[in-house]
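Engineer: Enclosed is the structure file upload.txt (compact mmCIF, C-alpha atoms and all ligand atoms).
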# COMPACT_ATOMS: atom_id res chain seq x y z
CA MET A 386 74.63 144.25 274.44
CA ALA A 387 74.35 147.80 273.29
CA PHE A 388 77.33 147.58 271.02
CA PRO A 389 78.76 144.58 269.18
CA ALA A 390 80.78 142.48 271.62
CA GLN A 391 83.38 142.08 268.95
CA ARG A 392 85.32 145.06 267.73
CA LEU A 393 87.58 143.50 265.15
CA ARG A 394 89.66 146.64 265.07
CA ARG A 395 91.02 145.80 268.55
CA LEU A 396 93.52 143.39 267.09
CA ARG A 397 94.64 145.90 264.48
CA ALA A 398 95.59 148.57 266.98
CA SER A 399 99.37 148.05 266.99
CA GLY A 400 102.07 146.50 264.89
CA ALA A 401 102.80 143.95 267.62
CA LEU A 402 99.19 142.78 267.71
CA ARG A 403 98.88 142.68 263.96
CA SER A 404 102.01 140.60 263.81
CA LEU A 405 100.74 138.23 266.53
CA VAL A 406 97.54 137.43 264.65
CA ARG A 407 98.95 137.42 261.12
CA GLU A 408 97.71 134.26 259.42
CA THR A 409 100.10 134.03 256.50
CA GLU A 410 103.86 134.49 256.53
CA LEU A 411 105.93 135.18 253.48
CA SER A 412 109.58 134.20 253.54
CA PRO A 413 112.43 134.32 251.01
CA LYS A 414 112.43 130.52 251.33
CA ASP A 415 109.06 130.46 249.55
CA LEU A 416 110.42 132.10 246.42
CA VAL A 417 111.92 130.72 243.22
CA LEU A 418 113.50 133.02 240.63
CA PRO A 419 113.13 132.33 236.89
CA LEU A 420 116.37 132.90 234.96
CA PHE A 421 117.14 132.89 231.24
CA VAL A 422 120.32 131.43 229.84
CA ARG A 423 121.72 131.62 226.31
CA SER A 424 124.90 130.58 224.59
CA GLY A 425 127.87 132.93 224.43
CA ARG A 426 130.30 134.40 226.93
CA ASN A 427 130.10 137.30 229.31
CA LEU A 428 126.55 138.18 228.25
CA ARG A 429 123.98 139.90 230.39
CA ASN A 430 121.49 141.13 227.81
CA PRO A 431 118.62 143.21 229.18
CA ILE A 432 115.16 141.88 228.38
CA ALA A 433 113.05 144.81 227.21
CA SER A 434 109.73 143.23 228.18
CA LEU A 435 111.00 142.35 231.69
CA PRO A 436 112.87 145.41 232.94
CA GLY A 437 115.50 144.34 235.47
CA HIS A 438 115.83 140.86 233.96
CA PHE A 439 118.50 139.55 231.64
CA GLN A 440 119.47 136.73 229.35
CA TYR A 441 122.74 135.42 230.82
CA SER A 442 125.50 133.40 229.26
CA VAL A 443 126.49 130.43 231.43
CA ASP A 444 129.44 132.21 233.06
CA ARG A 445 127.35 135.22 234.06
CA LEU A 446 124.50 132.94 235.19
CA VAL A 447 126.85 131.23 237.61
CA ALA A 448 127.90 134.60 239.02
CA GLU A 449 124.27 135.66 239.38
CA VAL A 450 123.29 132.47 241.22
CA ARG A 451 126.28 132.86 243.56
CA ASP A 452 125.07 136.38 244.34
CA LEU A 453 121.63 135.04 245.20
CA ARG A 454 122.99 132.96 248.05
CA SER A 455 122.83 135.77 250.58
CA LEU A 456 119.13 136.31 249.81
CA GLN A 457 118.22 132.77 250.91
CA ILE A 458 115.57 132.28 248.28
CA ALA A 459 114.55 128.69 247.59
CA GLY A 460 116.16 128.33 244.19
CA VAL A 461 116.00 129.10 240.50
CA ILE A 462 114.12 127.77 237.50
CA LEU A 463 116.03 127.88 234.23
CA PHE A 464 114.83 128.63 230.72
CA GLY A 465 117.24 128.11 227.84
CA ILE A 466 117.56 129.96 224.57
CA PRO A 467 119.45 127.62 222.24
CA ALA A 468 121.87 128.76 219.55
CA ARG A 469 119.73 127.03 216.90
CA LYS A 470 116.09 126.01 216.74
CA ASP A 471 114.74 123.17 214.59
CA SER A 472 111.58 121.16 214.02
CA LYS A 473 112.67 118.45 216.47
CA ALA A 474 113.67 120.69 219.38
CA SER A 475 117.02 118.91 219.41
CA GLY A 476 118.58 121.66 221.51
CA ALA A 477 116.35 120.64 224.40
CA TYR A 478 117.83 117.16 224.81
CA ALA A 479 121.33 117.62 223.37
CA ARG A 480 123.96 116.39 225.83
CA ASN A 481 125.65 119.75 225.49
CA GLY A 482 122.46 121.79 225.17
CA ILE A 483 122.31 125.20 226.78
CA ILE A 484 120.37 124.01 229.82
CA GLN A 485 122.61 120.97 230.30
CA GLN A 486 125.69 123.21 230.21
CA ALA A 487 124.13 125.70 232.58
CA VAL A 488 123.07 123.06 235.11
CA ARG A 489 126.48 121.39 235.08
CA ALA A 490 128.21 124.72 235.65
CA LEU A 491 125.83 125.68 238.46
CA LYS A 492 126.12 122.34 240.19
CA GLU A 493 129.89 122.69 240.14
CA ALA A 494 130.06 126.31 241.28
CA ALA A 495 127.06 126.53 243.62
CA PRO A 496 126.05 122.96 244.50
CA GLU A 497 123.75 124.04 247.33
CA ALA A 498 121.45 126.08 245.04
CA LEU A 499 118.23 124.32 244.07
CA VAL A 500 118.10 124.16 240.29
CA ILE A 501 114.78 123.47 238.60
CA THR A 502 114.74 122.93 234.84
CA ASP A 503 111.71 123.89 232.81
CA LEU A 504 110.91 121.14 230.39
CA CYS A 505 109.20 122.72 227.44
CA PHE A 506 110.06 122.93 223.78
CA CYS A 507 108.74 126.27 222.62
CA GLU A 508 112.20 127.84 222.96
CA TYR A 509 113.74 124.99 220.95
CA THR A 510 111.37 124.54 218.01
CA ASP A 511 111.65 126.70 214.92
CA HIS A 512 107.85 127.17 214.96
CA GLY A 513 107.66 128.09 218.65
CA HIS A 514 105.11 125.42 219.62
CA CYS A 515 105.61 123.22 222.66
CA GLY A 516 105.99 119.93 220.80
CA PHE A 517 106.07 118.06 217.52
CA ILE A 518 103.96 119.67 214.79
CA ARG A 519 102.39 117.52 212.12
CA THR A 520 100.76 119.10 209.11
CA ARG A 521 97.23 117.94 208.50
CA GLY A 522 95.50 119.07 205.32
CA GLU A 523 95.81 122.83 205.24
CA GLY A 524 96.42 122.98 208.97
CA TRP A 525 98.51 121.44 211.71
CA VAL A 526 98.23 119.42 214.89
CA LEU A 527 100.55 119.07 217.84
CA ASP A 528 101.38 115.38 218.21
CA ASN A 529 101.02 114.53 221.88
CA ASP A 530 102.75 111.18 221.95
CA VAL A 531 105.81 112.09 219.89
CA THR A 532 106.21 115.04 222.22
CA LEU A 533 106.13 112.63 225.17
CA GLU A 534 109.19 110.89 223.71
CA TRP A 535 110.99 114.24 223.51
CA MET A 536 109.98 114.97 227.09
CA ALA A 537 111.29 111.64 228.34
CA LYS A 538 114.73 112.15 226.81
CA THR A 539 114.91 115.80 227.80
CA ALA A 540 114.11 114.94 231.42
CA VAL A 541 116.82 112.29 231.48
CA SER A 542 119.41 114.62 229.97
CA GLN A 543 118.53 117.37 232.45
CA ALA A 544 118.76 114.92 235.35
CA GLU A 545 122.11 113.65 234.01
CA ALA A 546 123.35 117.24 234.01
CA GLY A 547 122.37 117.49 237.67
CA ALA A 548 118.93 119.15 237.77
CA ASP A 549 117.37 118.89 241.23
CA LEU A 550 113.82 118.98 239.90
CA VAL A 551 112.37 118.76 236.40
CA ALA A 552 109.30 120.79 235.53
CA PRO A 553 107.25 119.75 232.49
CA SER A 554 105.19 122.70 231.25
CA GLY A 555 103.94 121.52 227.88
CA MET A 556 100.44 120.40 229.00
CA MET A 557 100.74 117.12 227.06
CA ASP A 558 98.52 114.30 228.24
CA GLY A 559 100.56 111.66 230.04
CA GLN A 560 103.64 113.86 230.43
CA VAL A 561 104.25 113.01 234.06
CA ARG A 562 104.02 109.25 233.53
CA ALA A 563 106.31 109.37 230.49
CA ILE A 564 108.92 111.37 232.38
CA ARG A 565 108.65 109.30 235.55
CA GLN A 566 109.19 106.05 233.65
CA ALA A 567 112.15 107.44 231.72
CA LEU A 568 113.81 108.84 234.84
CA ASP A 569 113.30 105.61 236.77
CA ARG A 570 114.74 103.49 233.98
CA SER A 571 117.78 105.72 233.71
CA GLY A 572 118.76 105.65 237.36
CA PHE A 573 117.03 108.86 238.41
CA ALA A 574 114.31 107.43 240.60
CA MET A 575 115.05 110.16 243.15
CA THR A 576 114.66 113.10 240.79
CA PRO A 577 111.31 114.71 241.61
CA ILE A 578 108.82 116.08 239.08
CA LEU A 579 107.22 119.48 239.50
CA SER A 580 104.37 119.37 237.02
CA TYR A 581 102.72 122.45 235.60
CA ALA A 582 99.44 120.61 236.07
CA ALA A 583 97.04 123.49 235.54
CA LYS A 584 98.54 125.83 232.98
CA TYR A 585 96.18 128.18 231.24
CA ALA A 586 96.42 129.64 227.74
CA SER A 587 97.16 133.08 229.11
CA ALA A 588 97.82 136.50 227.65
CA PHE A 589 99.97 137.10 230.71
CA TYR A 590 102.81 135.08 229.15
CA GLY A 591 103.44 137.87 226.64
CA PRO A 592 106.63 139.32 228.15
CA PHE A 593 108.10 135.84 228.68
CA ARG A 594 107.78 134.95 225.03
CA GLU A 595 109.99 137.88 224.16
CA ALA A 596 112.44 136.97 226.93
CA ALA A 597 112.63 133.33 225.84
CA GLU A 598 112.31 134.11 222.14
CA SER A 599 109.52 131.57 221.99
CA PRO A 600 106.31 133.02 220.52
CA PRO A 601 104.44 130.61 218.23
CA GLN A 602 105.11 131.50 214.60
CA PHE A 603 101.58 130.48 213.64
CA GLY A 604 98.37 129.68 215.49
CA ASP A 605 98.10 129.64 219.26
CA ARG A 606 98.42 127.25 222.19
CA LEU A 607 94.68 126.70 222.74
CA SER A 608 94.84 123.02 221.76
CA TYR A 609 97.13 122.21 224.69
CA GLN A 610 96.97 124.92 227.34
CA MET A 611 93.74 125.31 229.31
CA ASP A 612 90.79 127.58 228.67
CA PRO A 613 90.81 130.40 231.27
CA ALA A 614 87.10 129.85 231.77
CA ASN A 615 87.58 126.33 233.16
CA PHE A 616 87.86 125.42 236.82
CA ARG A 617 86.77 121.77 237.10
CA GLU A 618 89.10 120.81 234.31
CA ALA A 619 92.02 122.08 236.39
CA LEU A 620 91.11 119.62 239.12
CA ARG A 621 91.09 116.79 236.57
CA GLU A 622 94.50 117.86 235.30
CA VAL A 623 95.93 117.90 238.82
CA GLU A 624 94.31 114.58 239.69
CA GLN A 625 95.88 112.93 236.66
CA ASP A 626 99.30 114.36 237.27
CA VAL A 627 99.27 113.25 240.89
CA GLU A 628 98.20 109.76 239.83
CA GLU A 629 100.96 109.67 237.25
CA GLY A 630 103.51 110.43 239.94
CA ALA A 631 103.95 114.20 240.13
CA ASP A 632 105.76 115.07 243.35
CA MET A 633 104.59 118.68 243.32
CA ILE A 634 102.30 120.61 241.09
CA LEU A 635 102.05 124.14 239.79
CA VAL A 636 99.16 126.42 239.00
CA LYS A 637 99.96 129.04 236.36
CA PRO A 638 99.41 132.01 236.15
CA ALA A 639 98.86 132.92 239.80
CA LEU A 640 96.85 136.08 240.47
CA PRO A 641 94.02 135.55 237.96
CA TYR A 642 93.68 131.91 239.13
CA LEU A 643 93.66 132.12 242.93
CA ASP A 644 90.37 130.21 243.05
CA VAL A 645 92.04 127.29 241.29
CA LEU A 646 94.99 127.46 243.65
CA ARG A 647 92.75 127.38 246.71
CA ALA A 648 90.73 124.45 245.43
CA VAL A 649 93.82 122.46 244.53
CA ARG A 650 95.31 123.17 247.97
CA GLU A 651 92.14 121.90 249.66
CA ARG A 652 91.73 118.76 247.61
CA PHE A 653 95.25 117.42 247.06
CA PRO A 654 97.81 116.78 249.75
CA VAL A 655 100.79 117.40 247.44
CA PRO A 656 102.97 120.51 247.63
CA VAL A 657 101.47 123.21 245.42
CA GLY A 658 103.38 126.03 243.80
CA ALA A 659 102.10 129.05 241.91
CA TYR A 660 103.84 130.62 238.96
CA SER A 661 103.35 134.36 239.08
CA VAL A 662 104.09 134.89 235.42
CA SER A 663 105.82 137.54 233.36
CA GLY A 664 102.64 139.55 232.73
CA GLU A 665 101.95 139.76 236.45
CA PHE A 666 105.45 141.13 236.93
CA ALA A 667 105.03 143.51 234.00
CA MET A 668 101.79 145.00 235.30
CA ILE A 669 103.27 145.94 238.65
CA ARG A 670 106.66 147.04 237.34
CA ALA A 671 105.18 149.20 234.59
CA ALA A 672 102.72 150.87 236.94
CA ALA A 673 105.49 151.44 239.49
CA GLN A 674 107.74 152.95 236.82
CA LYS A 675 104.96 155.38 236.02
CA GLY A 676 104.63 156.23 239.68
CA TRP A 677 101.12 154.79 239.83
CA LEU A 678 101.84 152.01 242.34
CA ASP A 679 104.19 151.55 245.28
CA GLU A 680 106.15 148.60 243.93
CA LYS A 681 107.27 147.17 247.26
CA LYS A 682 103.80 147.24 248.79
CA ALA A 683 102.11 145.92 245.67
CA VAL A 684 104.56 143.05 245.26
CA LEU A 685 104.45 141.94 248.89
CA GLU A 686 100.65 142.15 248.87
CA ALA A 687 100.41 140.09 245.68
CA LEU A 688 102.82 137.46 247.00
CA VAL A 689 101.20 137.09 250.41
CA SER A 690 97.83 136.79 248.66
CA ILE A 691 99.14 133.96 246.52
CA LYS A 692 100.33 132.20 249.66
CA ARG A 693 97.07 132.89 251.46
CA ALA A 694 95.20 131.32 248.55
CA GLY A 695 97.16 128.14 249.13
CA ALA A 696 100.59 128.21 247.49
CA ASP A 697 103.44 126.54 249.36
CA PHE A 698 105.93 128.32 247.13
CA ILE A 699 105.92 130.91 244.37
CA LEU A 700 107.86 131.29 241.17
CA THR A 701 108.22 135.03 240.72
CA TYR A 702 110.30 137.55 238.79
CA PHE A 703 110.25 139.64 241.97
CA ALA A 704 112.05 136.97 244.04
CA LYS A 705 115.19 139.05 244.53
CA GLU A 706 113.49 142.30 245.43
CA ALA A 707 110.96 140.56 247.66
CA ALA A 708 113.66 138.63 249.52
CA GLN A 709 115.54 141.86 250.10
CA TRP A 710 112.43 143.66 251.34
CA LEU A 711 111.48 140.77 253.62
CA ARG A 712 114.94 140.81 255.15
CA GLU A 713 114.77 144.52 255.77
CA GLY A 714 111.48 143.81 257.59
C1 LIG B 801 106.79 127.39 228.06
C2 LIG B 801 106.54 128.38 229.09
C3 LIG B 801 105.87 129.61 229.02
C4 LIG B 801 106.01 130.20 230.27
C5 LIG B 801 106.74 129.33 231.06
N1 LIG B 801 107.05 128.20 230.31
C6 LIG B 801 105.25 130.34 227.92
C7 LIG B 801 104.17 129.77 227.15
O1 LIG B 801 103.56 128.76 227.47
O2 LIG B 801 103.95 130.36 226.10
C8 LIG B 801 105.51 131.55 230.66
C9 LIG B 801 106.06 132.08 231.90
C10 LIG B 801 105.84 133.51 232.11
O3 LIG B 801 105.05 134.19 231.43
O4 LIG B 801 106.49 134.03 233.02
N2 LIG B 801 105.73 126.86 227.39
I need this file expressed as structure tokens, please.

Structural biologist:
Amino acid sequence: MAFPAQRLRRLRASGALRSLVRETELSPKDLVLPLFVRSGRNLRNPIASLPGHFQYSVDRLVAEVRDLRSLQIAGVILFGIPARKDSKASGAYARNGIIQQAVRALKEAAPEALVITDLCFCEYTDHGHCGFIRTRGEGWVLDNDVTLEWMAKTAVSQAEAGADLVAPSGMMDGQVRAIRQALDRSGFAMTPILSYAAKYASAFYGPFREAAESPPQFGDRLSYQMDPANFREALREVEQDVEEGADMILVKPALPYLDVLRAVRERFPVPVGAYSVSGEFAMIRAAAQKGWLDEKKAVLEALVSIKRAGADFILTYFAKEAAQWLREG
């Protein structure tokens, strides 16, 4: 043939054709919105590092989640900012802790909304690390197994409050098994675990730490979160979590780790989510505010790419806007 038999542009010639051959669909049902809750009343405090996001008191959180109904997003994941922090993270597993109060209120006011509770301690410890810190000589270590005990009781108290799904994000070894056993023993055999199986030590968490008031007061998280350079290790993390009983797993962050997401999708038959983190939001929002990017196009492109790479669902700070845009078509 004189000319290539295939002209791939043929199928790009009209909107109808492009739509017919589109391989990946994005829907509001794929999206989960992270929300921040703090004690107090009638609060909706803007978060400077996440423009358009707020720390809500429980009453305003309930109103916000009611408003989300019409958008038909999948659900919300809650992060709590407790009134007091201490060395034992007691606010995380207190019966009347901020998350427990928030979940109870949401389950009463909007029972159909899917409520995921993040299960980490950095917001609850006075040092901002994700577990129990032991001093050793001049330095410190994060004690894995004491932290597992905290995780077990936090998971049970969140499930008691009515959480639909608990999401351990501390990257402790054995966290899924510890939580599964505790939930099963306490009558919550049907509460699923969404494990942050492959969570990297990422600079892209910067804006979140301001939002959640959780930056480490000393050191860093390199002894528990993963090295961004590592790929195979992510597969080992996921393998372990699945063996320990994780019902779904998360890869976090999303955009810089699409290779990990794709590999996990191909190798493990469990539902896989991606957490498009605060820094990913910040990059697009800041550029859009400067007029350097078209926010709608950039967000929808980023989200469809995360799905194309293999995510079944996406935790994103753009969930509301994206759902609105998708509805408008
Ligand atoms: C808790 C936690 C973090 C994020 C979610 N859960 C921060 C961290 O590990 O420091 C970050 C999420 C985001 O950046 O949007 N450990």

Engineer: Could you name the residues that touch Trp710 (chain A) at 10 Å or less, counting only C-alpha atoms, but leaving out those on the same chain fewer than 6 positions away, as a list of chain:residue names?

Structural biologist: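 Skipping anything fewer than 6 positions along the chain leaves A:Pro413, A:Lys681, A:Lys682, A:Val684, A:Leu685, A:Ala704.
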
Engineer: Per residue of region 617-661 of chain A within 7 Å of region 564-579 of chain A, record the nearest atom pair and its distance in Å to one decimal, counting only C-alpha atoms, with rows in chain order and ascending residue number, as JSON lines.

Structural biologist:
{"residue": "A:Gly630", "atom": "CA", "partner": "A:Arg565", "partner_atom": "CA", "distance": 6.9}
{"residue": "A:Ala631", "atom": "CA", "partner": "A:Ile578", "partner_atom": "CA", "distance": 5.3}
{"residue": "A:Asp632", "atom": "CA", "partner": "A:Ile578", "partner_atom": "CA", "distance": 5.3}
{"residue": "A:Met633", "atom": "CA", "partner": "A:Leu579", "partner_atom": "CA", "distance": 4.7}
{"residue": "A:Ile634", "atom": "CA", "partner": "A:Leu579", "partner_atom": "CA", "distance": 5.3}
{"residue": "A:Leu635", "atom": "CA", "partner": "A:Leu579", "partner_atom": "CA", "distance": 7.0}

Engineer: Hey, can you spit out that residue selection with C-alpha atoms as a short mmCIF file (atom, residue, chain, number, x, y, z; two decimals), keeping the file's coordinate frame?

Structural biologist:
data_model
loop_
_atom_site.label_atom_id
_atom_site.label_comp_id
_atom_site.auth_asym_id
_atom_site.auth_seq_id
_atom_site.Cartn_x
_atom_site.Cartn_y
_atom_site.Cartn_z
CA GLY A 630 103.51 110.43 239.94
CA ALA A 631 103.95 114.20 240.13
CA ASP A 632 105.76 115.07 243.35
CA MET A 633 104.59 118.68 243.32
CA ILE A 634 102.30 120.61 241.09
CA LEU A 635 102.05 124.14 239.79
#

Engineer: Dump as JSON lines the rows for residues of chain A within 7 Å of ligand LIG 801 (chain B): closest atom pair and distance in Å with one decimal, only C-alpha atoms and all ligand atoms counted, ordered by chain and rising residue number.

Structural biologist:
{"residue": "A:Asp503", "atom": "CA", "partner": "B:LIG801", "partner_atom": "N1", "distance": 6.8}
{"residue": "A:Cys505", "atom": "CA", "partner": "B:LIG801", "partner_atom": "C1", "distance": 5.3}
{"residue": "A:Phe506", "atom": "CA", "partner": "B:LIG801", "partner_atom": "N2", "distance": 6.9}
{"residue": "A:Cys507", "atom": "CA", "partner": "B:LIG801", "partner_atom": "N2", "distance": 5.7}
{"residue": "A:Cys515", "atom": "CA", "partner": "B:LIG801", "partner_atom": "N2", "distance": 6.0}
{"residue": "A:Ser554", "atom": "CA", "partner": "B:LIG801", "partner_atom": "N2", "distance": 5.7}
{"residue": "A:Gly555", "atom": "CA", "partner": "B:LIG801", "partner_atom": "N2", "distance": 5.7}
{"residue": "A:Phe589", "atom": "CA", "partner": "B:LIG801", "partner_atom": "O3", "distance": 5.9}
{"residue": "A:Tyr590", "atom": "CA", "partner": "B:LIG801", "partner_atom": "O3", "distance": 3.3}
{"residue": "A:Gly591", "atom": "CA", "partner": "B:LIG801", "partner_atom": "O3", "distance": 6.3}
{"residue": "A:Pro592", "atom": "CA", "partner": "B:LIG801", "partner_atom": "O3", "distance": 6.3}
{"residue": "A:Phe593", "atom": "CA", "partner": "B:LIG801", "partner_atom": "O3", "distance": 4.4}
{"residue": "A:Arg594", "atom": "CA", "partner": "B:LIG801", "partner_atom": "C6", "distance": 6.0}
{"residue": "A:Pro600", "atom": "CA", "partner": "B:LIG801", "partner_atom": "O2", "distance": 6.6}
{"residue": "A:Ser661", "atom": "CA", "partner": "B:LIG801", "partner_atom": "O4", "distance": 6.8}
{"residue": "A:Val662", "atom": "CA", "partner": "B:LIG801", "partner_atom": "O4", "distance": 3.5}
{"residue": "A:Ser663", "atom": "CA", "partner": "B:LIG801", "partner_atom": "O4", "distance": 3.6}
{"residue": "A:Gly664", "atom": "CA", "partner": "B:LIG801", "partner_atom": "O3", "distance": 6.0}

Engineer: Quick one, how far is CA of Glu628 (chain A) from CA of Val657 (chain A)?

Structural biologist: 14.9 Å

Engineer: Skip Ala707 (chain A) itself and residues of its chain fewer than 6 positions away, then list as a list in words all residues within 12 Å of it, counting all atoms listed in the file.

Structural biologist: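 Near neighbours after the sequence-gap exclusion: Leu411, Ser412, Pro413, Lys414, Asp415, Leu416, Val417, Leu418, Leu456, Gln457, Ile458, Glu680, Lys681, Lys682, Ala683, Val684, Leu685, Glu686, Ala687, Leu688, Val689, Ile699, Leu700, Thr701, Glu713 and Gly714 of chain A.
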
Engineer: I'd like the interatomic distance between CA of Arg489 (chain A) and CA of Gln560 (chain A), to a tenth of an Å.

Structural biologist: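 We find that CA of Arg489 (chain A) and CA of Gln560 (chain A) lie 24.5 Å from each other.
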
Engineer: By how many Å are CA of Gly513 (chain A) and CA of Ser599 (chain A) apart?

Structural biologist: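 Here the two named atoms are 5.2 Å from each other.
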
Engineer: Could you give me, as a tab-separated table, a per-residue list for region 425-498 of chain A showing, wherever an atom lies at most 12 Å from an atom of region 517-525 of chain A, the closest pair of atoms and their distance in Å to one decimal, using all atoms listed in the file and sorting by chain then residue number from low to high?

Structural biologist:
residue	atom	partner	partner_atom	distance
A:Asp471	CA	A:Phe517	CA	10.5
A:Ser472	CA	A:Phe517	CA	7.2
A:Lys473	CA	A:Phe517	CA	6.7
A:Ala474	CA	A:Phe517	CA	8.3
A:Ser475	CA	A:Phe517	CA	11.1

Engineer: Can those selected residues be exported to a file as a PDB file, in the frame of the given file so that it contains C-alpha atoms?

Structural biologist:
ATOM      1  CA  ASP A 471     114.740 123.170 214.590  1.00  0.00           C
ATOM      2  CA  SER A 472     111.580 121.160 214.020  1.00  0.00           C
ATOM      3  CA  LYS A 473     112.670 118.450 216.470  1.00  0.00           C
ATOM      4  CA  ALA A 474     113.670 120.690 219.380  1.00  0.00           C
ATOM      5  CA  SER A 475     117.020 118.910 219.410  1.00  0.00           C
TER       6      SER A 475
END
